[in-house]
>>> print(open('input_5.cif').read())   # mmCIF, C-alpha atoms
data_query
#
loop_
_atom_site.label_atom_id
_atom_site.label_comp_id
_atom_site.auth_asym_id
_atom_site.auth_seq_id
_atom_site.Cartn_x
_atom_site.Cartn_y
_atom_site.Cartn_z
CA MET A 1 -121.22 57.18 -151.58
CA GLU A 2 -119.25 60.02 -149.97
CA ASN A 3 -115.78 59.16 -148.62
CA ALA A 4 -116.87 60.69 -145.31
CA ILE A 5 -119.09 57.68 -144.61
CA LYS A 6 -117.11 54.96 -146.37
CA GLU A 7 -115.21 52.38 -144.38
CA TYR A 8 -112.40 52.14 -146.93
CA TRP A 9 -110.84 54.45 -149.46
CA ASP A 10 -110.82 51.55 -151.95
CA ARG A 11 -112.56 48.45 -150.57
CA GLU A 12 -111.56 46.05 -153.35
CA LYS A 13 -107.90 47.04 -153.13
CA GLU A 14 -107.66 47.05 -149.35
CA THR A 15 -109.52 43.78 -148.73
CA MET A 16 -108.04 41.78 -151.62
CA PRO A 17 -107.19 38.13 -150.81
CA VAL A 18 -103.54 37.86 -149.81
CA ASP A 19 -102.58 35.34 -152.51
CA GLN A 20 -104.15 37.50 -155.20
CA ARG A 21 -102.34 40.59 -153.94
CA ASN A 22 -99.00 38.78 -153.75
CA GLU A 23 -99.42 37.63 -157.35
CA MET A 24 -100.07 41.23 -158.37
CA ILE A 25 -97.05 42.45 -156.36
CA LEU A 26 -94.78 39.94 -158.06
CA GLY A 27 -96.00 41.15 -161.44
CA CYS A 28 -95.26 44.76 -160.46
CA ILE A 29 -91.79 43.80 -159.20
CA LYS A 30 -90.94 42.07 -162.48
CA GLN A 31 -92.11 45.10 -164.46
CA GLN A 32 -90.11 47.49 -162.25
CA LEU A 33 -86.94 45.41 -162.47
CA ASP A 34 -87.23 45.26 -166.25
CA TYR A 35 -87.87 49.02 -166.38
CA VAL A 36 -84.99 50.11 -164.15
CA TYR A 37 -82.52 47.71 -165.77
CA HIS A 38 -83.26 48.74 -169.35
CA GLN A 39 -84.16 52.42 -168.86
CA LEU A 40 -82.10 53.74 -165.94
CA PRO A 41 -78.29 53.53 -166.35
CA PHE A 42 -77.64 53.67 -162.60
CA TYR A 43 -79.53 50.44 -161.96
CA ARG A 44 -78.12 48.62 -164.98
CA GLU A 45 -74.56 49.36 -163.91
CA PHE A 46 -75.31 48.59 -160.26
CA TYR A 47 -76.97 45.26 -161.05
CA ASP A 48 -74.27 44.23 -163.53
CA ASN A 49 -71.62 44.95 -160.90
CA HIS A 50 -73.49 42.68 -158.49
CA HIS A 51 -73.99 39.93 -161.12
CA PHE A 52 -77.77 40.30 -160.97
CA HIS A 53 -80.24 40.26 -163.85
CA PRO A 54 -84.04 40.77 -163.64
CA SER A 55 -84.62 37.37 -165.25
CA MET A 56 -83.37 35.81 -162.00
CA VAL A 57 -86.56 36.82 -160.13
CA ASN A 58 -89.52 34.44 -160.51
CA THR A 59 -90.89 34.52 -156.93
CA LEU A 60 -91.08 36.99 -154.07
CA GLY A 61 -88.48 34.83 -152.33
CA ASP A 62 -86.13 35.34 -155.30
CA PHE A 63 -86.59 39.08 -154.96
CA THR A 64 -85.41 39.04 -151.34
CA THR A 65 -82.53 36.62 -151.78
CA LYS A 66 -81.13 37.78 -155.12
CA VAL A 67 -81.64 41.53 -155.58
CA PRO A 68 -78.92 43.74 -154.02
CA ILE A 69 -79.95 46.61 -151.77
CA ILE A 70 -79.35 50.30 -152.34
CA THR A 71 -78.57 52.74 -149.53
CA LYS A 72 -78.68 56.47 -149.03
CA ASP A 73 -74.88 56.60 -149.28
CA ILE A 74 -75.03 54.88 -152.68
CA LEU A 75 -77.64 57.37 -153.89
CA ARG A 76 -75.68 60.31 -152.52
CA GLU A 77 -72.52 59.18 -154.32
CA GLU A 78 -74.47 58.65 -157.56
CA GLN A 79 -75.83 62.20 -157.39
CA ARG A 80 -72.37 63.54 -156.57
CA GLN A 81 -70.95 61.94 -159.72
CA TYR A 82 -73.98 62.74 -161.90
CA PRO A 83 -75.52 65.89 -160.44
CA PRO A 84 -78.05 66.84 -159.49
CA TYR A 85 -80.45 63.85 -159.71
CA GLY A 86 -78.26 60.87 -160.64
CA ARG A 87 -78.92 58.46 -163.49
CA TYR A 88 -82.15 57.04 -162.09
CA LEU A 89 -84.49 59.98 -162.69
CA GLY A 90 -86.75 58.30 -165.26
CA PHE A 91 -87.89 61.45 -167.09
CA HIS A 92 -86.34 64.60 -168.55
CA PRO A 93 -85.58 67.25 -165.90
CA GLU A 94 -87.63 69.78 -167.89
CA ASP A 95 -90.70 67.69 -167.06
CA GLY A 96 -90.12 68.15 -163.33
CA ALA A 97 -92.69 70.03 -161.25
CA HIS A 98 -91.22 70.01 -157.71
CA ILE A 99 -87.68 69.73 -156.33
CA HIS A 100 -87.33 68.37 -152.81
CA GLY A 101 -84.67 66.54 -150.86
CA SER A 102 -83.33 65.10 -147.66
CA SER A 103 -82.20 67.48 -144.94
CA GLY A 104 -78.54 66.95 -145.68
CA THR A 105 -77.71 66.87 -141.97
CA THR A 106 -75.12 64.15 -142.57
CA GLY A 107 -73.69 65.67 -145.73
CA ARG A 108 -74.88 66.63 -149.20
CA PRO A 109 -78.69 66.44 -149.48
CA THR A 110 -80.23 63.78 -151.71
CA PHE A 111 -82.40 65.50 -154.33
CA TYR A 112 -85.85 64.33 -155.42
CA LEU A 113 -87.49 65.65 -158.58
CA PHE A 114 -91.22 64.98 -159.00
CA SER A 115 -93.24 65.26 -162.20
CA LYS A 116 -96.90 66.27 -162.30
CA GLU A 117 -97.74 62.58 -162.76
CA ASP A 118 -95.71 61.74 -159.65
CA ILE A 119 -97.55 64.35 -157.60
CA ALA A 120 -100.97 63.06 -158.69
CA TYR A 121 -99.95 59.49 -157.85
CA ILE A 122 -98.50 60.51 -154.48
CA GLY A 123 -101.68 62.41 -153.63
CA GLU A 124 -103.85 59.35 -154.32
CA VAL A 125 -101.75 56.99 -152.19
CA MET A 126 -101.39 59.54 -149.38
CA ALA A 127 -105.16 60.07 -149.41
CA GLN A 128 -105.68 56.34 -148.90
CA ALA A 129 -103.21 56.39 -146.01
CA LEU A 130 -104.77 59.42 -144.31
CA PHE A 131 -108.26 57.96 -144.76
CA THR A 132 -107.06 54.71 -143.18
CA ALA A 133 -105.84 56.74 -140.19
CA GLY A 134 -109.30 58.27 -139.78
CA VAL A 135 -109.02 61.60 -141.63
CA ARG A 136 -112.18 62.70 -143.45
CA ARG A 137 -113.10 65.52 -145.82
CA THR A 138 -114.79 67.40 -142.95
CA ASP A 139 -111.48 67.71 -141.05
CA VAL A 140 -109.17 70.69 -140.72
CA VAL A 141 -105.69 69.18 -141.14
CA GLN A 142 -102.93 71.20 -139.48
CA ILE A 143 -99.56 70.35 -141.03
CA SER A 144 -97.03 71.53 -138.45
CA THR A 145 -93.88 70.76 -140.41
CA ASP A 146 -91.52 72.70 -142.60
CA LEU A 147 -92.87 73.06 -146.14
CA GLY A 148 -89.36 73.31 -147.50
CA MET A 149 -87.30 70.44 -148.88
CA PHE A 150 -88.71 68.01 -146.28
CA MET A 151 -91.21 65.65 -147.96
CA GLY A 152 -93.27 65.06 -144.82
CA GLY A 153 -95.22 68.27 -145.18
CA TRP A 154 -95.69 68.10 -148.94
CA GLY A 155 -96.88 64.49 -148.98
CA SER A 156 -99.37 65.34 -146.23
CA LEU A 157 -100.53 68.39 -148.19
CA TRP A 158 -101.10 66.53 -151.45
CA GLY A 159 -102.88 63.66 -149.69
CA SER A 160 -105.14 65.94 -147.64
CA GLU A 161 -106.10 67.92 -150.75
CA ARG A 162 -106.89 64.73 -152.67
CA LEU A 163 -109.02 63.51 -149.76
CA GLY A 164 -110.92 66.79 -149.77
CA ALA A 165 -110.04 67.98 -146.26
CA THR A 166 -109.28 71.59 -145.37
CA VAL A 167 -105.52 72.11 -145.07
CA PHE A 168 -103.87 74.51 -142.62
CA THR A 169 -100.10 75.09 -142.84
CA PRO A 170 -98.94 77.54 -140.13
CA GLY A 171 -95.26 77.21 -141.12
CA ALA A 172 -92.18 75.93 -139.35
CA GLY A 173 -91.19 76.67 -135.76
CA ASN A 174 -92.80 79.13 -133.31
CA ALA A 175 -94.70 76.73 -131.08
CA GLU A 176 -96.76 79.50 -129.45
CA ARG A 177 -98.11 80.59 -132.83
CA HIS A 178 -99.00 77.01 -133.77
CA ILE A 179 -100.96 76.57 -130.55
CA ARG A 180 -102.89 79.83 -130.71
CA LEU A 181 -103.84 79.27 -134.34
CA MET A 182 -104.76 75.63 -133.69
CA TYR A 183 -107.37 76.64 -131.13
CA GLU A 184 -108.53 79.61 -133.22
CA VAL A 185 -109.19 77.76 -136.48
CA GLY A 186 -110.25 74.52 -134.78
CA SER A 187 -107.73 72.09 -136.25
CA SER A 188 -109.05 68.55 -135.85
CA VAL A 189 -106.04 66.65 -137.24
CA LEU A 190 -102.40 67.40 -136.40
CA ILE A 191 -99.61 66.09 -138.65
CA THR A 192 -96.12 66.62 -137.26
CA THR A 193 -93.17 64.82 -135.67
CA PRO A 194 -93.60 63.26 -132.20
CA THR A 195 -90.91 65.67 -130.96
CA PHE A 196 -92.80 68.78 -132.04
CA ALA A 197 -96.12 67.41 -130.77
CA LEU A 198 -94.61 67.06 -127.29
CA ARG A 199 -93.12 70.53 -127.65
CA LEU A 200 -96.55 71.94 -128.58
CA MET A 201 -98.09 70.21 -125.58
CA ASP A 202 -95.65 71.86 -123.19
CA GLU A 203 -96.20 75.24 -124.84
CA ALA A 204 -99.98 74.92 -124.72
CA ARG A 205 -99.88 74.17 -121.01
CA ARG A 206 -97.54 77.09 -120.41
CA LEU A 207 -100.06 79.33 -122.18
CA GLY A 208 -102.88 77.99 -120.00
CA TYR A 209 -104.69 75.81 -122.55
CA ASP A 210 -106.40 72.57 -121.54
CA THR A 211 -104.63 70.21 -123.95
CA GLN A 212 -106.94 67.27 -123.19
CA ASN A 213 -109.86 69.34 -124.48
CA SER A 214 -108.25 70.79 -127.60
CA PRO A 215 -110.05 70.81 -130.97
CA LEU A 216 -107.81 67.92 -132.07
CA ARG A 217 -109.22 64.43 -132.43
CA ILE A 218 -106.38 62.72 -134.36
CA GLY A 219 -102.61 63.10 -134.37
CA ILE A 220 -100.64 61.58 -137.26
CA PHE A 221 -96.95 61.42 -136.47
CA ILE A 222 -94.20 61.31 -139.05
CA GLY A 223 -90.51 61.91 -139.60
CA GLU A 224 -89.02 59.87 -136.74
CA PRO A 225 -89.76 56.77 -134.64
CA GLY A 226 -91.97 57.57 -131.69
CA ALA A 227 -95.70 57.15 -132.25
CA GLY A 228 -95.29 53.36 -132.19
CA ILE A 229 -93.22 53.35 -128.99
CA PRO A 230 -95.62 52.71 -126.05
CA GLY A 231 -94.26 55.37 -123.68
CA ILE A 232 -94.26 58.10 -126.31
CA LYS A 233 -97.64 57.06 -127.67
CA LYS A 234 -99.15 57.13 -124.19
CA ALA A 235 -97.70 60.58 -123.49
CA LEU A 236 -99.22 61.92 -126.73
CA GLU A 237 -102.60 60.20 -126.29
CA GLU A 238 -103.11 61.17 -122.66
CA GLY A 239 -101.54 64.60 -122.99
CA TRP A 240 -103.58 65.68 -126.02
CA GLY A 241 -106.63 63.46 -125.50
CA ILE A 242 -106.43 62.25 -129.11
CA HIS A 243 -106.14 59.13 -131.22
CA VAL A 244 -102.43 58.72 -132.02
CA MET A 245 -101.68 57.28 -135.47
CA ASP A 246 -98.25 56.18 -136.60
CA CYS A 247 -97.69 56.87 -140.29
CA ALA A 248 -94.38 56.82 -142.14
CA THR A 249 -91.71 55.16 -144.21
CA THR A 250 -88.98 57.53 -145.37
CA SER A 251 -88.71 60.46 -147.78
CA GLU A 252 -86.90 58.40 -150.42
CA MET A 253 -90.01 56.22 -150.58
CA THR A 254 -92.53 59.00 -151.22
CA PRO A 255 -95.49 58.37 -151.13
CA TRP A 256 -94.01 57.79 -147.68
CA ALA A 257 -97.24 57.02 -145.77
CA THR A 258 -97.49 53.42 -146.97
CA ASN A 259 -97.01 52.19 -143.41
CA VAL A 260 -100.10 53.56 -141.69
CA GLU A 261 -102.12 52.79 -138.58
CA CYS A 262 -105.87 52.22 -138.86
CA VAL A 263 -108.50 53.17 -136.30
CA GLN A 264 -108.20 49.73 -134.65
CA LYS A 265 -104.68 50.74 -133.47
CA ASN A 266 -103.09 47.36 -134.08
CA GLY A 267 -99.90 48.73 -135.56
CA VAL A 268 -99.32 50.01 -139.07
CA HIS A 269 -100.74 48.40 -142.19
CA MET A 270 -98.15 47.94 -144.93
CA LEU A 271 -99.68 49.07 -148.21
CA GLN A 272 -97.79 46.36 -150.04
CA ASP A 273 -99.47 47.06 -153.37
CA GLU A 274 -97.81 50.50 -153.52
CA VAL A 275 -94.52 50.14 -151.62
CA TYR A 276 -93.42 46.57 -151.00
CA THR A 277 -91.95 46.27 -147.51
CA GLU A 278 -89.62 43.50 -146.30
CA VAL A 279 -88.15 42.83 -142.86
CA VAL A 280 -84.77 41.15 -143.19
CA ASP A 281 -81.80 40.02 -141.14
CA LYS A 282 -79.98 43.06 -139.74
CA ASP A 283 -76.65 41.71 -140.94
CA ASN A 284 -77.80 40.03 -144.16
CA PRO A 285 -80.37 41.99 -146.21
CA ASN A 286 -80.80 39.02 -148.59
CA ARG A 287 -82.29 36.87 -145.85
CA ALA A 288 -85.85 37.38 -144.62
CA VAL A 289 -86.55 36.89 -140.91
CA PRO A 290 -89.49 34.85 -139.56
CA GLU A 291 -92.73 36.59 -138.71
CA GLY A 292 -92.44 38.29 -135.32
CA THR A 293 -88.63 38.54 -135.47
CA SER A 294 -87.09 42.00 -135.36
CA GLY A 295 -85.04 43.04 -138.37
CA GLY A 296 -84.12 45.79 -140.80
CA VAL A 297 -86.81 47.31 -143.01
CA ILE A 298 -86.37 47.45 -146.81
CA TYR A 299 -88.73 49.27 -149.20
CA THR A 300 -89.47 49.01 -152.94
CA HIS A 301 -91.56 51.28 -155.18
CA LEU A 302 -93.93 49.11 -157.21
CA LYS A 303 -95.43 51.79 -159.49
CA LYS A 304 -93.40 54.99 -159.25
CA LYS A 305 -91.30 55.56 -162.38
CA GLY A 306 -89.50 58.75 -161.35
CA GLN A 307 -86.47 57.94 -159.14
CA PRO A 308 -87.85 54.51 -158.13
CA MET A 309 -86.28 52.85 -155.11
CA ILE A 310 -85.74 49.10 -155.49
CA ARG A 311 -84.84 47.37 -152.20
CA PHE A 312 -83.90 50.56 -150.39
CA TRP A 313 -82.29 49.96 -146.98
CA SER A 314 -84.05 52.40 -144.67
CA GLY A 315 -82.11 51.77 -141.45
CA ASP A 316 -85.45 51.29 -139.63
CA GLU A 317 -86.09 48.37 -137.29
CA SER A 318 -89.39 46.53 -136.89
CA HIS A 319 -91.12 43.14 -137.17
CA VAL A 320 -94.10 41.82 -139.16
CA THR A 321 -97.34 40.01 -138.38
CA THR A 322 -99.89 38.60 -140.81
CA GLU A 323 -102.60 38.23 -138.16
CA ALA A 324 -105.96 39.56 -139.32
CA CYS A 325 -106.95 43.08 -138.27
CA PRO A 326 -110.57 43.71 -137.18
CA CYS A 327 -110.74 46.57 -139.70
CA GLY A 328 -110.92 43.97 -142.49
CA ARG A 329 -107.87 45.14 -144.42
CA THR A 330 -105.76 42.22 -145.55
CA TYR A 331 -102.40 43.96 -145.55
CA PRO A 332 -99.68 42.59 -143.24
CA ARG A 333 -98.78 44.85 -140.34
CA LEU A 334 -95.87 46.14 -138.34
CA PRO A 335 -97.63 45.60 -134.98
CA ASN A 336 -95.35 48.00 -133.09
CA GLY A 337 -94.67 50.30 -136.00
CA VAL A 338 -91.09 51.38 -136.58
CA TYR A 339 -89.52 51.40 -133.14
CA GLY A 340 -85.86 52.07 -133.77
CA ARG A 341 -83.10 53.10 -136.12
CA LEU A 342 -80.39 50.51 -136.68
CA ASP A 343 -77.92 53.23 -137.62
CA ASP A 344 -78.71 55.10 -134.37
CA MET A 345 -77.60 52.24 -132.14
CA LEU A 346 -75.15 53.29 -129.42
CA ILE A 347 -72.42 51.04 -128.05
CA ILE A 348 -71.66 52.04 -124.47
CA ARG A 349 -69.01 50.01 -122.65
CA GLY A 350 -69.72 47.13 -125.00
CA VAL A 351 -73.51 47.21 -124.52
CA ASN A 352 -75.82 47.94 -127.46
CA VAL A 353 -78.68 50.33 -126.78
CA TYR A 354 -81.00 52.43 -128.91
CA PRO A 355 -81.83 56.04 -127.93
CA SER A 356 -85.51 55.18 -128.42
CA THR A 357 -85.24 52.60 -125.63
CA ILE A 358 -83.93 55.24 -123.24
CA GLN A 359 -86.65 57.70 -124.27
CA ARG A 360 -89.38 55.09 -123.88
CA SER A 361 -88.10 54.18 -120.43
CA LEU A 362 -88.03 57.79 -119.24
CA LEU A 363 -91.57 58.40 -120.45
CA GLU A 364 -92.77 55.41 -118.45
CA ILE A 365 -91.64 57.00 -115.17
CA GLU A 366 -94.13 59.17 -113.32
CA GLY A 367 -92.72 62.56 -112.39
CA LEU A 368 -90.54 63.13 -115.44
CA GLY A 369 -91.14 65.61 -118.26
CA ASN A 370 -90.84 65.00 -122.00
CA GLU A 371 -87.33 66.37 -122.65
CA HIS A 372 -84.01 64.64 -122.07
CA ARG A 373 -80.44 64.45 -123.37
CA ILE A 374 -77.95 61.58 -123.58
CA VAL A 375 -74.36 62.81 -123.25
CA LEU A 376 -71.52 60.40 -124.06
CA GLU A 377 -67.91 61.13 -123.11
CA ARG A 378 -64.67 59.17 -122.93
CA ILE A 379 -62.82 59.72 -119.66
CA SER A 380 -59.60 57.85 -118.91
CA HIS A 381 -60.29 55.50 -121.83
CA MET A 382 -63.72 54.60 -120.43
CA ASP A 383 -67.16 55.51 -121.76
CA GLU A 384 -69.22 57.69 -119.45
CA ALA A 385 -72.92 58.10 -120.22
CA THR A 386 -75.06 60.77 -118.63
CA VAL A 387 -78.82 61.16 -118.97
CA LYS A 388 -80.18 64.63 -118.32
CA VAL A 389 -83.94 64.76 -117.86
CA GLU A 390 -86.39 67.35 -116.57
CA TYR A 391 -88.93 66.67 -113.85
CA HIS A 392 -92.55 67.48 -114.65
CA PRO A 393 -93.85 70.77 -113.19
CA ASP A 394 -97.13 69.15 -112.07
CA TRP A 395 -95.17 66.50 -110.16
CA ILE A 396 -93.05 68.94 -108.21
CA GLY A 397 -96.06 71.19 -107.63
CA SER A 398 -97.86 68.36 -105.84
CA ILE A 399 -95.09 67.98 -103.25
CA GLN A 400 -94.69 70.14 -100.15
CA SER A 401 -91.68 72.46 -100.44
CA HIS A 402 -89.91 70.98 -97.39
CA GLU A 403 -90.22 67.48 -98.89
CA ARG A 404 -88.95 68.27 -102.41
CA GLU A 405 -85.27 67.58 -101.86
CA ALA A 406 -85.97 64.10 -100.53
CA ALA A 407 -88.51 63.46 -103.29
CA LEU A 408 -85.95 64.43 -105.96
CA GLU A 409 -83.35 62.10 -104.46
CA LYS A 410 -85.88 59.27 -104.42
CA LEU A 411 -86.88 59.99 -108.02
CA GLN A 412 -83.23 60.07 -109.11
CA THR A 413 -82.56 56.68 -107.55
CA HIS A 414 -85.66 55.21 -109.16
CA VAL A 415 -84.78 56.57 -112.63
CA ARG A 416 -81.20 55.34 -112.45
CA GLU A 417 -82.26 51.83 -111.39
CA TYR A 418 -85.03 51.67 -113.97
CA LEU A 419 -82.70 52.70 -116.80
CA ARG A 420 -80.17 50.08 -115.72
CA ALA A 421 -82.88 47.40 -115.67
CA GLN A 422 -84.12 48.37 -119.14
CA THR A 423 -80.74 48.85 -120.85
CA GLY A 424 -78.09 47.04 -118.81
CA ILE A 425 -76.14 50.31 -118.50
CA ARG A 426 -75.42 52.32 -115.38
CA PHE A 427 -76.01 55.95 -116.36
CA ASN A 428 -74.96 59.07 -114.56
CA LEU A 429 -78.15 61.02 -114.00
CA GLU A 430 -79.06 64.69 -113.76
CA ILE A 431 -82.66 65.65 -112.97
CA LEU A 432 -83.25 69.24 -114.03
CA GLU A 433 -85.91 71.89 -113.60
CA PRO A 434 -88.57 72.22 -116.34
CA GLU A 435 -87.59 74.29 -119.42
CA THR A 436 -83.87 73.77 -118.76
CA LEU A 437 -83.12 71.83 -121.95
CA GLU A 438 -83.35 73.27 -125.46
CA ARG A 439 -86.59 72.51 -127.33
CA PHE A 440 -86.73 71.34 -130.94
CA ASP A 441 -89.26 72.40 -133.55
CA VAL A 442 -88.86 69.47 -135.95
CA LYS A 443 -86.85 66.33 -135.18
CA ALA A 444 -85.10 65.83 -131.87
CA ARG A 445 -81.33 65.80 -131.46
CA ARG A 446 -81.09 64.24 -128.05
CA VAL A 447 -77.78 62.35 -128.30
CA ILE A 448 -74.56 64.32 -127.76
CA ASP A 449 -71.66 61.97 -128.44
CA GLN A 450 -68.38 63.63 -127.48
CA ARG A 451 -66.31 60.46 -127.36
CA HIS A 452 -64.47 61.34 -130.55
CA VAL A 453 -63.31 64.72 -129.18
#
>>> encode(input="input_5.cif", output="structure tokens")
Amino acid sequence: MENAIKEYWDREKETMPVDQRNEMILGCIKQQLDYVYHQLPFYREFYDNHHFHPSMVNTLGDFTTKVPIITKDILREEQRQYPPYGRYLGFHPEDGAHIHGSSGTTGRPTFYLFSKEDIAYIGEVMAQALFTAGVRRTDVVQISTDLGMFMGGWGSLWGSERLGATVFTPGAGNAERHIRLMYEVGSSVLITTPTFALRLMDEARRLGYDTQNSPLRIGIFIGEPGAGIPGIKKALEEGWGIHVMDCATTSEMTPWATNVECVQKNGVHMLQDEVYTEVVDKDNPNRAVPEGTSGGVIYTHLKKKGQPMIRFWSGDESHVTTEACPCGRTYPRLPNGVYGRLDDMLIIRGVNVYPSTIQRSLLEIEGLGNEHRIVLERISHMDEATVKVEYHPDWIGSIQSHEREAALEKLQTHVREYLRAQTGIRFNLEILEPETLERFDVKARRVIDQRHV
């Protein structure tokens, strides 16, 4: 039967009884721990230093409570001491086929080397993820990301090719070009970051396109939290008239689409038989949290042998449910996707707040546009926080010119009070004209923290 009319990419795999899958996962974990300990010097040294041995894991509970986590900083330091790939590569560098890496925005990039076997495996898992999200071989998949070091574009490319869809890669940046080509070639699936999707929406409207009647039917959003946050999801769904699908883990965990939303839109399914996902206490990564409790997200490669990540601390925040999904897949889910970054948390006058909470709140207010900035300063030893946000051109256009000043004052009061109710923080507020703030073509940089200056 053609994949185009199948309900699942792999029915037996995706609908497997939970106990049977967990038994298989435990077997994979034991094999991976034995492999990394005996074959990869980085892990052996790391585990010895933490007084851990693979023989200590006999249950999934043992895995959570006994295996130490690794972090991006640990990997970066390992690659600094043993350049360029560290001592956890798993194959000879001459057998590499692709070099990729993190953006390096916080320092030296982390390098990933993939073999041909890695690429074939990644393509298969990504194809399952894209199929789960509703992509079919008849689609034209527009990948509006940078096909450079960033793994988001490449994973999407390999998965779309394996699925049999037509792939369109218009390149990075230049929103106007992306829009014109999208309508010209008839792209039916858009894969990009939530930030760039909102940027494309604004550009399309500026050019006179009816975004709610575009050729798109599905948007798959990667690279940053957003598609699982209600306000952002609503803005994307209503603005583009599409099905919005959240799909991501992190580039270290390539194939990174092992958290993926199905067409029922009940949050993202965790493809636990490929990348095992745990939600743990934010302050103690060796303690799982109860179902429904928010915590930090940790990932483990179950089958990947090249640069495998074992209990990788992602910095993401989410919570788990095991409630059945109407789609019939028996994977657990993150019902609200990934909705925050623990390492992005801001402390303002002693109050903890995530930038995603501020963004979500702004998108819930009628009359505001999609762009904003959060500016933090320290004045006379006190934190001052200012939110700058644009009003929506359609909103101001619906108001008589002699009434606009009063309407802006009313909107400003409403926004300030709403933000305080949602965050517990009194923000200074600037409401700006449309197109005042800089636009971003990949991931947003909306927090400007000048308190250290």
>>> resolve_selection(input="input_5.cif", expression="the PyMOL selection byres ((chain A and resi 446-450) around 8)", output="list in words")
Pro355, His372, Arg373, Ile374, Val375, Leu376, Glu377, Arg378, Ala444, Arg445, Arg451, His452 and Val453 of chain A
>>> closest_residue(input="input_5.cif", among="A:Thr195, A:Thr211, A:Gln39, A:Thr322", to="A:Ser144", atoms="all atoms listed in the file")
A:Thr195
>>> resolve_selection(input="input_5.cif", expression="the PyMOL selection byres ((chain A and resi 298) around 12)", output="PyMOL selection string")
chain A and resi 63-64+67-71+249-250+252-253+270+272+275-282+284-288+295-297+299-301+309-319+338
>>> write_last_selection(input="input_5.cif", atoms="C-alpha atoms", output="CSV table (one decimal), keeping the file's coordinate frame")
chain,number,residue,atom,x,y,z
A,63,PHE,CA,-86.6,39.1,-155.0
A,64,THR,CA,-85.4,39.0,-151.3
A,67,VAL,CA,-81.6,41.5,-155.6
A,68,PRO,CA,-78.9,43.7,-154.0
A,69,ILE,CA,-80.0,46.6,-151.8
A,70,ILE,CA,-79.4,50.3,-152.3
A,71,THR,CA,-78.6,52.7,-149.5
A,249,THR,CA,-91.7,55.2,-144.2
A,250,THR,CA,-89.0,57.5,-145.4
A,252,GLU,CA,-86.9,58.4,-150.4
A,253,MET,CA,-90.0,56.2,-150.6
A,270,MET,CA,-98.2,47.9,-144.9
A,272,GLN,CA,-97.8,46.4,-150.0
A,275,VAL,CA,-94.5,50.1,-151.6
A,276,TYR,CA,-93.4,46.6,-151.0
A,277,THR,CA,-92.0,46.3,-147.5
A,278,GLU,CA,-89.6,43.5,-146.3
A,279,VAL,CA,-88.2,42.8,-142.9
A,280,VAL,CA,-84.8,41.2,-143.2
A,281,ASP,CA,-81.8,40.0,-141.1
A,282,LYS,CA,-80.0,43.1,-139.7
A,284,ASN,CA,-77.8,40.0,-144.2
A,285,PRO,CA,-80.4,42.0,-146.2
A,286,ASN,CA,-80.8,39.0,-148.6
A,287,ARG,CA,-82.3,36.9,-145.8
A,288,ALA,CA,-85.8,37.4,-144.6
A,295,GLY,CA,-85.0,43.0,-138.4
A,296,GLY,CA,-84.1,45.8,-140.8
A,297,VAL,CA,-86.8,47.3,-143.0
A,299,TYR,CA,-88.7,49.3,-149.2
A,300,THR,CA,-89.5,49.0,-152.9
A,301,HIS,CA,-91.6,51.3,-155.2
A,309,MET,CA,-86.3,52.8,-155.1
A,310,ILE,CA,-85.7,49.1,-155.5
A,311,ARG,CA,-84.8,47.4,-152.2
A,312,PHE,CA,-83.9,50.6,-150.4
A,313,TRP,CA,-82.3,50.0,-147.0
A,314,SER,CA,-84.0,52.4,-144.7
A,315,GLY,CA,-82.1,51.8,-141.4
A,316,ASP,CA,-85.4,51.3,-139.6
A,317,GLU,CA,-86.1,48.4,-137.3
A,318,SER,CA,-89.4,46.5,-136.9
A,319,HIS,CA,-91.1,43.1,-137.2
A,338,VAL,CA,-91.1,51.4,-136.6
>>> atom_distance(input="input_5.cif", atom1="atom CA of A:Met382", atom2="atom CA of A:Leu346")
14.6 Å
>>> residues_near_point(input="input_5.cif", point="(-102.0, 77.2, -129.7)", cutoff="12 Å", atoms="only C-alpha atoms", output="VMD selection string")
chain A and resid 142 144 170 174 to 187 190 197 199 to 211 214 to 216
